[in-house]
Amino acid sequence: MAGATDPGASTVTKPYARRVASKSERTVLEVDGREVGISNPSKVYFPEAGITKLDVVRYYVAVAAGALRGSGGRPNVLVRYADGIHGEFFYQKRAPTSRPPWIEGW
């Protein structure tokens, strides 16, 4: 995964991270002028490589322009591994109802 070893690397909007005090760990990234909250940013998703949830989010930010062009505005299915790559997975077909108003639902 490109950029995963450098958590500050991004080729799109160079999001900055700031910590938010709460019961659980949380980071806020600014992406294209919007603040996006990331819960549990230090949760390890790929233990062999030491890649965290925040690393994965930053990777998606870095490849967003090309990925969005490639999707052609079509809905996608997200395969989620909530407990890391070695845990159970499920398919998320719809955006959650708790999403920000600027994210379209299908």
# chains A, B, ... in the order shown; residues from 1 in each chain; ligands from 1
$ residues_around --residues "A:Gly84" --least-positions-apart "5" --cutoff "8 Å" --atoms "only C-alpha atoms" --output "list of chain:residue names"
A:Val44, A:Tyr45, A:Phe46, A:Pro47
$ write_last_selection --atoms "N, CA and C atoms" --output "PDB file, in the first residue's frame"
ATOM      1  N   VAL A  44      -5.130  -1.355  14.490  1.00  0.00           N
ATOM      2  CA  VAL A  44      -4.298  -2.036  13.497  1.00  0.00           C
ATOM      3  C   VAL A  44      -5.174  -2.927  12.623  1.00  0.00           C
ATOM      4  N   TYR A  45      -5.160  -2.668  11.325  1.00  0.00           N
ATOM      5  CA  TYR A  45      -5.921  -3.466  10.361  1.00  0.00           C
ATOM      6  C   TYR A  45      -5.078  -4.554   9.702  1.00  0.00           C
ATOM      7  N   PHE A  46      -3.811  -4.254   9.458  1.00  0.00           N
ATOM      8  CA  PHE A  46      -2.906  -5.207   8.820  1.00  0.00           C
ATOM      9  C   PHE A  46      -1.723  -5.400   9.760  1.00  0.00           C
ATOM     10  N   PRO A  47      -1.821  -6.380  10.681  1.00  0.00           N
ATOM     11  CA  PRO A  47      -0.813  -6.513  11.737  1.00  0.00           C
ATOM     12  C   PRO A  47       0.595  -6.819  11.243  1.00  0.00           C
TER      13      PRO A  47
END
$ atom_distance --atom1 "atom CA of A:Arg58" --atom2 "atom CA of A:Arg34"
14.5 Å
$ residues_around --residues "A:Ser39" --least-positions-apart "6" --cutoff "8 Å" --atoms "only C-alpha atoms" --output "JSON list (two decimals) with C-alpha atoms, in the first residue's frame"
[["chain", "number", "residue", "atom", "x", "y", "z"],
["A", 24, "SER", "CA", -12.48, 6.84, 22.59],
["A", 25, "GLU", "CA", -9.55, 7.88, 20.45],
["A", 26, "ARG", "CA", -10.58, 10.06, 17.52],
["A", 27, "THR", "CA", -8.79, 12.08, 14.84]]
$ residues_around --residues "A:Ile85" --least-positions-apart "5" --cutoff "12 Å" --atoms "only C-alpha atoms" --output "count of residues only"
15
$ atom_distance --atom1 "atom CA of A:Ala95" --atom2 "atom CA of A:Arg74"
13.3 Å
$ select_by_dssp --residues "stretch 26-105 of chain A" --states "strand (DSSP E)" --output "PyMOL selection string"
chain A and resi 26-31+34-39+44-46+51-52+78-80+90-92
$ atom_distance --atom1 "atom CA of A:Leu29" --atom2 "atom CA of A:Ile103"
16.1 Å
$ decode --residues "stretch 20-46 of chain A" --atoms "N, CA, C and O atoms" --output "compact mmCIF listing (two decimals), in the first residue's frame"
# COMPACT_ATOMS: atom_id res chain seq x y z
N VAL A 20 -8.92 14.80 18.89
CA VAL A 20 -10.12 15.31 19.53
C VAL A 20 -10.28 14.54 20.84
O VAL A 20 -10.27 13.31 20.84
N ALA A 21 -10.41 15.27 21.94
CA ALA A 21 -10.56 14.61 23.24
C ALA A 21 -11.95 13.99 23.34
O ALA A 21 -12.95 14.64 23.09
N SER A 22 -12.01 12.72 23.69
CA SER A 22 -13.27 12.03 23.91
C SER A 22 -12.98 10.74 24.64
O SER A 22 -11.84 10.42 24.95
N LYS A 23 -14.05 9.98 24.92
CA LYS A 23 -13.87 8.70 25.61
C LYS A 23 -13.02 7.74 24.77
O LYS A 23 -12.18 7.04 25.28
N SER A 24 -13.28 7.70 23.47
CA SER A 24 -12.48 6.84 22.59
C SER A 24 -11.57 7.72 21.75
O SER A 24 -11.83 8.90 21.54
N GLU A 25 -10.51 7.13 21.28
CA GLU A 25 -9.55 7.88 20.45
C GLU A 25 -10.23 8.30 19.16
O GLU A 25 -10.98 7.55 18.56
N ARG A 26 -9.97 9.52 18.73
CA ARG A 26 -10.58 10.06 17.52
C ARG A 26 -9.64 11.09 16.90
O ARG A 26 -8.97 11.82 17.61
N THR A 27 -9.59 11.11 15.58
CA THR A 27 -8.79 12.08 14.84
C THR A 27 -9.70 12.72 13.80
O THR A 27 -10.60 12.08 13.29
N VAL A 28 -9.47 13.97 13.53
CA VAL A 28 -10.23 14.67 12.49
C VAL A 28 -9.26 15.04 11.38
O VAL A 28 -8.22 15.63 11.63
N LEU A 29 -9.61 14.66 10.15
CA LEU A 29 -8.83 15.04 8.97
C LEU A 29 -9.61 16.10 8.21
O LEU A 29 -10.84 16.04 8.13
N GLU A 30 -8.90 17.06 7.65
CA GLU A 30 -9.54 18.00 6.74
C GLU A 30 -9.25 17.51 5.33
O GLU A 30 -8.09 17.38 4.94
N VAL A 31 -10.31 17.23 4.59
CA VAL A 31 -10.18 16.72 3.22
C VAL A 31 -11.06 17.58 2.33
O VAL A 31 -12.28 17.67 2.54
N ASP A 32 -10.47 18.23 1.36
CA ASP A 32 -11.20 19.10 0.44
C ASP A 32 -12.08 20.11 1.19
O ASP A 32 -13.23 20.35 0.82
N GLY A 33 -11.56 20.67 2.26
CA GLY A 33 -12.27 21.69 3.00
C GLY A 33 -13.34 21.18 3.95
O GLY A 33 -14.04 21.97 4.58
N ARG A 34 -13.47 19.88 4.10
CA ARG A 34 -14.46 19.30 5.02
C ARG A 34 -13.71 18.56 6.13
O ARG A 34 -12.70 17.92 5.88
N GLU A 35 -14.25 18.62 7.32
CA GLU A 35 -13.67 17.86 8.42
C GLU A 35 -14.32 16.48 8.48
O GLU A 35 -15.54 16.37 8.46
N VAL A 36 -13.48 15.45 8.52
CA VAL A 36 -13.94 14.07 8.54
C VAL A 36 -13.39 13.41 9.80
O VAL A 36 -12.17 13.34 9.98
N GLY A 37 -14.27 12.94 10.66
CA GLY A 37 -13.86 12.30 11.90
C GLY A 37 -13.50 10.84 11.68
O GLY A 37 -14.21 10.12 10.98
N ILE A 38 -12.39 10.42 12.27
CA ILE A 38 -11.93 9.03 12.18
C ILE A 38 -11.89 8.48 13.60
O ILE A 38 -11.09 8.93 14.42
N SER A 39 -12.74 7.52 13.90
CA SER A 39 -12.72 6.89 15.22
C SER A 39 -11.65 5.80 15.24
O SER A 39 -11.36 5.19 14.22
N ASN A 40 -11.05 5.59 16.38
CA ASN A 40 -10.03 4.54 16.57
C ASN A 40 -8.95 4.57 15.48
O ASN A 40 -8.67 3.55 14.85
N PRO A 41 -8.31 5.71 15.25
CA PRO A 41 -7.33 5.80 14.16
C PRO A 41 -6.11 4.90 14.32
O PRO A 41 -5.48 4.54 13.32
N SER A 42 -5.78 4.52 15.54
CA SER A 42 -4.59 3.67 15.72
C SER A 42 -4.91 2.18 15.73
O SER A 42 -4.03 1.35 15.95
N LYS A 43 -6.15 1.83 15.44
CA LYS A 43 -6.54 0.42 15.36
C LYS A 43 -5.78 -0.25 14.22
O LYS A 43 -5.76 0.25 13.09
N VAL A 44 -5.13 -1.36 14.49
CA VAL A 44 -4.30 -2.04 13.50
C VAL A 44 -5.17 -2.93 12.62
O VAL A 44 -5.86 -3.81 13.11
N TYR A 45 -5.16 -2.67 11.32
CA TYR A 45 -5.92 -3.47 10.36
C TYR A 45 -5.08 -4.55 9.70
O TYR A 45 -5.57 -5.60 9.36
N PHE A 46 -3.81 -4.25 9.46
CA PHE A 46 -2.91 -5.21 8.82
C PHE A 46 -1.72 -5.40 9.76
O PHE A 46 -0.72 -4.69 9.67
